[in-house]
Structure formats: structure tokens, C-alpha cells
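Text of data_2.tsv, listed as TSV, C-alpha atoms and all ligand atoms:
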```tsv
chain	number	residue	atom	x	y	z
Z	1	MET	CA	-13.74	20.10	23.36
Z	2	SER	CA	-10.63	21.26	21.56
Z	3	LEU	CA	-8.23	18.64	20.25
Z	4	MET	CA	-5.58	19.75	22.73
Z	5	ARG	CA	-7.96	19.47	25.66
Z	6	ARG	CA	-9.11	16.13	24.42
Z	7	ARG	CA	-5.52	14.88	24.22
Z	8	LEU	CA	-4.98	15.97	27.80
Z	9	VAL	CA	-8.10	14.33	29.07
Z	10	THR	CA	-7.68	11.11	27.15
Z	11	GLY	CA	-4.06	10.94	28.25
Z	12	ALA	CA	-4.98	11.49	31.88
Z	13	LEU	CA	-7.60	8.77	31.72
Z	14	GLY	CA	-5.19	6.51	29.92
Z	15	GLY	CA	-7.82	5.72	27.33
Z	16	GLY	CA	-6.30	7.24	24.20
Z	17	ALA	CA	-7.21	4.30	22.01
Z	18	ILE	CA	-10.72	3.84	23.35
Z	19	LEU	CA	-11.75	7.48	23.43
Z	20	GLY	CA	-10.54	7.81	19.88
Z	21	LEU	CA	-7.57	9.95	18.93
Z	22	SER	CA	-7.52	10.64	15.22
Z	23	GLY	CA	-6.54	7.84	12.85
Z	24	CYS	CA	-3.03	7.31	11.54
Z	25	ASP	CA	-4.00	8.47	8.10
Z	26	ARG	CA	-6.03	11.49	9.11
Z	27	LEU	CA	-3.91	13.59	11.46
Z	28	SER	CA	-1.78	16.32	9.98
Z	29	GLN	CA	-0.74	19.38	11.92
Z	30	SER	CA	0.61	22.77	11.02
Z	31	ALA	CA	4.08	23.68	12.30
Z	32	GLY	CA	2.57	26.28	14.61
Z	33	PHE	CA	0.29	23.80	16.23
Z	34	MET	CA	3.19	21.40	16.64
Z	35	ARG	CA	5.14	23.95	18.68
Z	36	GLY	CA	2.12	24.46	20.88
Z	37	LEU	CA	1.92	20.71	21.36
Z	38	ASP	CA	5.28	20.44	23.10
Z	39	SER	CA	4.12	21.95	26.37
Z	40	VAL	CA	0.85	20.04	26.21
Z	41	GLU	CA	2.72	16.85	25.56
Z	42	ALA	CA	5.01	17.45	28.52
Z	43	LEU	CA	1.99	18.10	30.73
Z	44	ASN	CA	0.23	15.05	29.34
Z	45	LEU	CA	3.26	12.91	30.13
Z	46	TRP	CA	3.48	14.37	33.62
Z	47	LEU	CA	-0.24	13.79	34.26
Z	48	GLN	CA	-0.02	10.26	32.99
Z	49	ARG	CA	2.87	9.49	35.31
Z	50	GLN	CA	1.14	11.16	38.31
Z	51	LEU	CA	-2.33	9.72	37.91
Z	52	MET	CA	-1.59	6.53	36.07
Z	53	PRO	CA	1.99	5.46	36.70
Z	54	ARG	CA	3.19	3.07	34.01
Z	55	PRO	CA	2.00	-0.31	35.23
Z	56	ALA	CA	4.82	-2.71	36.01
Z	57	LEU	CA	3.66	-5.19	33.41
Z	58	ALA	CA	1.12	-4.97	30.64
Z	59	ARG	CA	-1.67	-7.52	30.95
Z	60	GLU	CA	-1.01	-10.92	29.41
Z	61	TYR	CA	-3.73	-13.17	28.01
Z	62	ARG	CA	-4.49	-16.87	27.67
Z	63	PRO	CA	-3.88	-18.79	24.41
Z	64	GLU	CA	-7.63	-19.15	23.74
Z	65	GLN	CA	-7.92	-15.36	23.76
Z	66	ILE	CA	-5.60	-14.91	20.76
Z	67	SER	CA	-7.39	-13.09	17.92
Z	68	HIS	CA	-8.24	-15.37	15.00
Z	69	ASP	CA	-7.57	-12.64	12.51
Z	70	PHE	CA	-4.91	-10.21	13.68
Z	71	ARG	CA	-5.24	-7.12	11.54
Z	72	ALA	CA	-2.13	-5.83	9.75
Z	73	ASN	CA	-1.74	-2.08	9.57
Z	74	GLY	CA	0.47	0.60	8.06
Z	75	SER	CA	3.04	-0.97	5.75
Z	76	THR	CA	2.08	-4.56	5.08
Z	77	ASP	CA	4.27	-5.40	2.08
Z	78	PRO	CA	7.22	-3.01	1.77
Z	79	ASP	CA	8.23	-2.43	-1.84
Z	80	ASP	CA	11.68	-1.06	-1.03
Z	81	PRO	CA	14.03	-3.03	-3.35
Z	82	ALA	CA	16.60	-3.92	-0.68
Z	83	TYR	CA	13.87	-5.29	1.56
Z	84	ARG	CA	12.27	-7.27	-1.26
Z	85	GLN	CA	15.58	-8.90	-2.06
Z	86	LEU	CA	16.12	-9.89	1.58
Z	87	ALA	CA	12.57	-11.26	1.80
Z	88	ALA	CA	12.99	-13.26	-1.42
Z	89	ASN	CA	15.85	-15.16	0.23
Z	90	GLY	CA	14.08	-15.81	3.51
Z	91	PHE	CA	16.06	-13.03	5.21
Z	92	ALA	CA	19.21	-15.17	5.19
Z	93	ALA	CA	21.31	-12.10	4.35
Z	94	TRP	CA	19.45	-9.79	6.74
Z	95	ARG	CA	21.46	-8.48	9.68
Z	96	LEU	CA	20.24	-6.44	12.60
Z	97	GLN	CA	22.68	-3.56	12.94
Z	98	VAL	CA	23.13	-2.24	16.47
Z	99	ASP	CA	25.20	0.91	16.67
Z	100	GLY	CA	25.46	4.45	18.02
Z	101	LEU	CA	26.35	4.92	21.69
Z	102	VAL	CA	27.48	1.34	22.29
Z	103	GLU	CA	30.84	-0.19	23.14
Z	104	ARG	CA	30.46	-2.86	20.45
Z	105	THR	CA	28.49	-2.50	17.24
Z	106	LEU	CA	26.62	-5.66	16.32
Z	107	ALA	CA	25.38	-7.32	13.15
Z	108	LEU	CA	23.05	-10.11	14.26
Z	109	SER	CA	21.51	-12.67	11.93
Z	110	LEU	CA	18.04	-14.11	12.42
Z	111	GLU	CA	19.75	-17.30	13.55
Z	112	ASP	CA	21.72	-15.35	16.18
Z	113	LEU	CA	18.49	-13.85	17.51
Z	114	ARG	CA	16.64	-17.18	17.47
Z	115	ALA	CA	19.50	-18.77	19.43
Z	116	MET	CA	19.16	-16.26	22.26
Z	117	PRO	CA	16.96	-16.97	25.29
Z	118	SER	CA	13.51	-15.70	24.38
Z	119	ARG	CA	10.37	-14.47	26.06
Z	120	THR	CA	6.90	-15.46	24.88
Z	121	GLN	CA	3.95	-13.23	25.72
Z	122	ILE	CA	0.30	-12.93	24.72
Z	123	THR	CA	-0.67	-9.29	24.73
Z	124	ARG	CA	-3.21	-6.89	23.30
Z	125	HIS	CA	-2.17	-4.55	20.53
Z	126	ASP	CA	-4.04	-1.24	20.60
Z	127	CYS	CA	-3.91	0.91	17.49
Z	128	VAL	CA	-4.50	4.64	17.83
Z	129	GLU	CA	-7.21	4.22	15.18
Z	130	GLY	CA	-9.35	2.45	17.76
Z	131	TRP	CA	-8.98	-1.28	17.08
Z	132	SER	CA	-7.29	-3.94	19.20
Z	133	CYS	CA	-6.06	-7.49	18.56
Z	134	ILE	CA	-4.51	-10.09	20.83
Z	135	GLY	CA	-1.45	-11.99	19.66
Z	136	GLN	CA	1.41	-14.09	20.93
Z	137	TRP	CA	4.91	-12.75	20.43
Z	138	GLN	CA	8.29	-14.40	20.89
Z	139	GLY	CA	11.84	-13.15	20.84
Z	140	PRO	CA	14.79	-12.03	22.92
Z	141	THR	CA	14.33	-9.06	25.19
Z	142	LEU	CA	15.68	-5.80	23.82
Z	143	VAL	CA	17.76	-5.38	26.96
Z	144	ALA	CA	19.54	-8.68	26.29
Z	145	VAL	CA	20.63	-7.42	22.88
Z	146	LEU	CA	21.62	-4.03	24.32
Z	147	ASN	CA	23.66	-5.78	27.00
Z	148	ILE	CA	25.71	-7.53	24.34
Z	149	ALA	CA	26.38	-4.19	22.67
Z	150	GLN	CA	26.84	-2.42	26.06
Z	151	LEU	CA	25.35	1.05	26.29
Z	152	ARG	CA	27.66	3.98	26.80
Z	153	PRO	CA	26.85	6.25	29.80
Z	154	SER	CA	25.41	9.00	27.56
Z	155	ALA	CA	22.82	6.64	26.00
Z	156	ARG	CA	19.24	7.91	26.49
Z	157	TYR	CA	17.05	6.71	23.61
Z	158	ILE	CA	16.79	3.64	21.43
Z	159	VAL	CA	15.88	4.27	17.78
Z	160	PHE	CA	14.45	1.63	15.47
Z	161	HIS	CA	15.17	2.18	11.77
Z	162	CYS	CA	12.81	0.28	9.48
Z	163	ALA	CA	12.99	-0.99	5.91
Z	164	ASP	CA	9.72	0.52	4.70
Z	165	THR	CA	9.00	3.89	3.19
Z	166	LEU	CA	5.47	4.86	4.17
Z	167	GLU	CA	5.49	8.23	2.43
Z	168	GLN	CA	7.50	9.14	-0.64
Z	169	THR	CA	9.42	12.34	0.11
Z	170	LEU	CA	12.41	13.86	-1.64
Z	171	ASP	CA	14.45	14.13	1.57
Z	172	GLY	CA	13.92	10.55	2.69
Z	173	THR	CA	11.90	11.46	5.79
Z	174	GLY	CA	9.12	9.11	4.68
Z	175	ARG	CA	10.94	6.06	6.00
Z	176	TYR	CA	9.40	4.52	9.11
Z	177	TYR	CA	11.30	4.81	12.37
Z	178	GLU	CA	10.47	4.90	16.06
Z	179	SER	CA	12.16	5.55	19.39
Z	180	ILE	CA	11.74	4.75	23.09
Z	181	ASP	CA	13.43	5.77	26.32
Z	182	LEU	CA	15.58	3.50	28.46
Z	183	ASP	CA	12.69	2.84	30.88
Z	184	ASP	CA	10.81	1.04	28.11
Z	185	ALA	CA	14.00	-0.35	26.58
Z	186	VAL	CA	14.88	-2.35	29.69
Z	187	HIS	CA	11.29	-3.36	30.45
Z	188	PRO	CA	10.94	-7.17	30.64
Z	189	GLN	CA	8.09	-7.23	28.07
Z	190	THR	CA	9.98	-5.16	25.51
Z	191	ILE	CA	11.07	-7.86	23.09
Z	192	LEU	CA	12.40	-8.14	19.56
Z	193	ALA	CA	9.79	-10.49	18.16
Z	194	HIS	CA	10.80	-12.88	15.38
Z	195	ALA	CA	7.74	-15.09	15.87
Z	196	MET	CA	4.02	-14.45	16.17
Z	197	ASN	CA	1.40	-17.01	17.23
Z	198	GLY	CA	4.05	-19.73	17.09
Z	199	ALA	CA	5.21	-19.11	13.51
Z	200	PRO	CA	7.99	-16.99	12.05
Z	201	LEU	CA	6.83	-13.38	11.81
Z	202	SER	CA	5.04	-12.85	8.48
Z	203	VAL	CA	5.72	-9.96	6.12
Z	204	PRO	CA	2.42	-8.17	6.90
Z	205	HIS	CA	3.32	-8.15	10.60
Z	206	GLY	CA	6.91	-6.99	10.16
Z	207	ALA	CA	9.22	-9.83	9.10
Z	208	PRO	CA	11.88	-10.58	10.01
Z	209	LEU	CA	11.82	-8.57	13.25
Z	210	ARG	CA	9.54	-6.11	15.03
Z	211	VAL	CA	9.63	-4.67	18.49
Z	212	ARG	CA	6.89	-5.06	21.12
Z	213	ILE	CA	6.47	-2.19	23.58
Z	214	GLU	CA	3.47	-3.39	25.46
Z	215	ARG	CA	2.58	-0.28	27.48
Z	216	GLN	CA	2.26	1.93	24.42
Z	217	LEU	CA	0.12	2.17	21.30
Z	218	GLY	CA	0.68	0.21	18.11
Z	219	TYR	CA	2.54	2.84	16.15
Z	220	LYS	CA	5.50	2.57	18.56
Z	221	MET	CA	5.96	-1.09	17.63
Z	222	ALA	CA	8.28	-0.75	14.68
Z	223	LYS	CA	8.09	-3.51	12.07
Z	224	TYR	CA	10.78	-4.42	9.46
Z	225	ILE	CA	13.61	-3.41	11.79
Z	226	MET	CA	16.96	-3.05	10.03
Z	227	ARG	CA	18.97	-1.10	12.53
Z	228	ILE	CA	18.86	-0.17	16.21
Z	229	GLU	CA	20.65	3.06	16.97
Z	230	VAL	CA	21.46	4.24	20.49
Z	231	VAL	CA	21.46	8.03	20.86
Z	232	ASP	CA	21.98	10.61	23.59
Z	233	GLY	CA	19.52	13.12	25.05
Z	234	ASN	CA	19.63	15.32	21.95
Z	235	GLY	CA	19.84	12.47	19.48
Z	236	LEU	CA	16.21	12.32	18.38
Z	237	ALA	CA	16.35	15.85	17.01
Z	238	ARG	CA	18.84	14.69	14.38
Z	239	ILE	CA	16.70	11.87	12.97
Z	240	GLY	CA	13.85	12.16	10.47
Z	241	ARG	CA	12.03	15.43	11.11
Z	242	GLY	CA	13.27	15.44	14.68
Z	243	ARG	CA	10.32	14.26	16.78
Z	244	GLY	CA	11.30	10.68	17.42
Z	245	GLY	CA	9.17	8.74	14.97
Z	246	PHE	CA	7.43	8.67	11.61
Z	247	TRP	CA	4.01	9.43	13.11
Z	248	GLU	CA	5.42	11.76	15.77
Z	249	ASP	CA	6.92	13.77	12.90
Z	250	ARG	CA	3.33	14.06	11.63
Z	251	GLY	CA	1.70	15.12	14.91
Z	252	TYR	CA	1.36	12.07	17.12
Z	253	GLU	CA	2.57	12.03	20.70
Z	254	TRP	CA	6.00	10.54	21.33
Z	255	TYR	CA	4.94	8.82	24.55
Z	256	ALA	CA	1.87	6.85	23.50
Z	257	GLY	CA	0.85	5.39	26.83
Z	258	ILE	CA	-2.20	3.16	26.94
I	301	LIG	N1	7.86	-0.26	9.95
I	301	LIG	C1	6.60	-0.01	10.30
I	301	LIG	N2	6.21	-0.29	11.55
I	301	LIG	C2	4.94	-0.06	11.93
I	301	LIG	C3	3.99	0.53	11.05
I	301	LIG	C4	4.42	0.80	9.73
I	301	LIG	O1	3.67	1.30	8.87
I	301	LIG	N3	5.73	0.52	9.39
I	301	LIG	N4	2.70	0.78	11.48
I	301	LIG	C5	2.49	0.87	12.93
I	301	LIG	C6	1.09	0.86	13.34
I	301	LIG	S1	0.20	2.30	13.22
I	301	LIG	C7	0.52	-0.25	13.91
I	301	LIG	S2	-1.05	-0.24	14.55
I	301	LIG	C8	1.27	-1.52	13.95
I	301	LIG	C9	0.51	-2.57	13.17
I	301	LIG	O2	1.10	-3.83	13.40
I	301	LIG	P1	0.46	-5.05	12.67
I	301	LIG	O3	0.56	-4.83	11.19
I	301	LIG	O4	1.23	-6.25	13.14
I	301	LIG	O5	-0.98	-5.10	13.11
I	301	LIG	O6	2.59	-1.44	13.43
I	301	LIG	C10	3.24	-0.24	13.66
I	301	LIG	N5	4.59	-0.37	13.21
I	302	MO	MO	-1.60	1.96	14.52
```
Spit out the file's structure as C-alpha cells when you get a sec.
Ligand SMILES: Nc1nc2c(c(=O)[nH]1)N[C@H]1C(S)=C(S)[C@@H](COP(=O)(O)O)O[C@H]1N2
Ligand SMILES: [Mo]
Amino acid sequence: MSLMRRRLVTGALGGGAILGLSGCDRLSQSAGFMRGLDSVEALNLWLQRQLMPRPALAREYRPEQISHDFRANGSTDPDDPAYRQLAANGFAAWRLQVDGLVERTLALSLEDLRAMPSRTQITRHDCVEGWSCIGQWQGPTLVAVLNIAQLRPSARYIVFHCADTLEQTLDGTGRYYESIDLDDAVHPQTILAHAMNGAPLSVPHGAPLRVRIERQLGYKMAKYIMRIEVVDGNGLARIGRGRGGFWEDRGYEWYAGI
């Protein structure tokens, strides 16, 4: 079966992680193939919504089901100097910037975020590489933070800008970033997690803050978040290489439904 067919079928069955899409570090596509992917991706998204509408809530698990050893993946110890300096001081000087199409730009400290009402959820993390781990996550909902900033009417996507550079490139497009639509942004399980398994989020898992988007694959769940940018319907084209995320820029699907 061709890769494109396989993407369609796995997407339609909703089993992308289980049926084995290529690993994060293995997939690289030519520009020509990427253009071909757009229509397939649109069809895949359509099929997924027709046959497998996004479930209202992702499954939540019991405390005894939490994985003893939650694997860390991708960047696990960013060496970017600004990040290292923040980490060395316990992220006291770190601020979450919230800007773009908002009425009020924000600069929230870790204390600000910890003081907000939070949600705690035990969920399964599915990596596109084919492994899964169950963990407990705690933090304010993304929508609560967005409501403080107040979205402008033209807002369509939420972009997470991260501290880590996963690939060294001359133009800076090797920095990790991700994006989601407003449907996922306002979802009750979409949280900005500052704690994992009852402890402050560790550096391997994205300290000081990472997002949880429980109906999508692991690569959507940006770690080391520095800035949340709200953009309009054309906004993703202006960021990175224009496809809405570090891995999307390298061939992965933007909507990574499980
Ligand atoms: N900033 C950043 N976020 C990231 C990544 C990364 O390399 N950098 N890797 C992604 C991938 S592919 C996965 S599977 C998860 C891994 O999260 P974990 O390290 O907590 O297991 O983070 C995602 N978010
Ligand atoms: Mo992943």
C-alpha cells in the first residue's frame, strides 16, 4: 500500500499510532510530495470527522494505571542559552507571553499560572512512533488563559512557540512550535500543564509548561512553551516553514487525530 493510501486508511480507522506511521526521526518528504499531501490531508480530515467524529472527551484513567516510567521524547534537555538560564533559576524569571490577535497581551509567571483554577487529568500519551504512556497532568485550561487575554473576532489558530531548537538551521526554522484550532483550544481537556504525576513538570517533560491536547498525537503537545500567539486564518503560513508545526513542516499531518 502506498504511504498516501496508508495515511488515508489509518486516519479513517483512527489508529495512526497503532498501525504505525513513520517515526519522528525518519520521515522526510520532498516538496512535490508535500503539495500532493494537501488534498490527501483535507480528505483525511474530512473522513476522520465523518466516520470518527472527535470524541467529546479523551479517555481518562485511574491513578494505579499511571506509567511507572513515562518516556521522554524529542527535546529532553534544551541547550538554548536563554532556556538554560531560566532553568538554572527555577524559572523564576520565565514569563508566558500571550499575544497576537488578543485584546490584552499577557506575561504570566509560573506563580500566576499555579494560582489559577486547574484541571487534573490522567490520560494516555500516544507518540506517532508507536509507543504510549499514561500520566497525570495538572494546570489551568488553555481557554481560561485565552479568556483573560480575550480573543479578537479574527482569531482562528493558537500557536505555541517553544524554547528548544530541535534542528540547527541557518534561518531559525529548527525551533519547535505547534498550533491547534479553536475547537481544540477551548476543549475542556486542553490544559497548560505545569505539573505531572503530582510534581512540578520536569525538564525532560517540558518544564516549566507544556500543553496537553488529548485527542491528538504526542507531537502536538508542545513542551518548553515560551509564547502563545493567536493568529488568523492565514496566520500559520507566516510561521516556521508555513505548515503549522515543526514536524508538520517536515511532512507530518497538522491534524493528528488519534
Ligand atoms: N518543545 C518540544 N515539544 C515537543 C517535542 C519536542 O521535541 N520539543 N516532542 C514532541 C513529541 S514527538 C512527543 S511524543 C512529546 C513527548 O513528550 P514527553 O517527552 O513528555 O514524553 O512531546 C512533543 N512535544
Ligand atoms: Mo512523538
(message) What does the structure give for the distance between CA of Glu64 in chain Z and CA of Cys133 in chain Z, in Å to one decimal?
(response)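 According to the coordinates, CA of Glu64 in chain Z and CA of Cys133 in chain Z are separated by 12.9 Å.
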(request) Dump the neighbourhood of ligand LIG 301 (chain I) as number ranges by chain: all residues within 10 Å, distances computed on all atoms listed in the file. (result) Z: 23-25, 70-78, 125-135, 160-167, 175-178, 196, 201-207, 209-212, 217-226, 246-247
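Picture a line from CA of Arg227 in chain Z to CA of Gly172 in chain Z; it runs 16.1 Å.
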(message) Counting only C-alpha atoms, which residues have an atom no more than 12 Å from (16.4, -13.5, 3.9) in the file's coordinates? Please list them as number ranges by chain.
(response) Z: 82-96, 109-111, 203, 207-209
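The nearest approach to Gln121 in chain Z among the residues Z:Leu236, Z:Leu47, Z:Val145, Z:Leu192, with all atoms listed in the file taken into account, belongs to Z:Leu192.
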(request) Compile the contact shell of Asp99 in chain Z as a count of residues only: residues with an atom at most 8 Å away, counting all atoms listed in the file, same-chain residues fewer than 5 positions apart removed. (result) 8
(request) Work out how far CA of Gln168 in chain Z is from CA of Gly245 in chain Z, in Å to one decimal. (result)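 CA of Gln168 in chain Z lies 15.7 Å from CA of Gly245 in chain Z.
Comparing the minimum interatomic distances between Pro117 in chain Z and each of Z:Val102, Z:Ile239, Z:Leu151, Z:Ala144, counting only C-alpha atoms, we find that Z:Ala144 sits nearest.
You can rank Z:Asp249, Z:Gln216, Z:Leu170, Z:Arg62 by their closest distance to ligand MO 302 (chain I) using all atoms listed in the file, and at the top of that list sits Z:Gln216.
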(request) Measuring atom to atom with only C-alpha atoms, identify which of Z:Val159, Z:Ala115, Z:Ala56, Z:Leu146 is nearest to Gly235 in chain Z. (result)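 Closest candidate: Z:Val159.
Candidate residues Z:Ala256, Z:Leu142, Z:Ile191, Z:Met116 were compared for distance to ligand MO 302 (chain I), and the nearest is Z:Ala256, using all atoms listed in the file.
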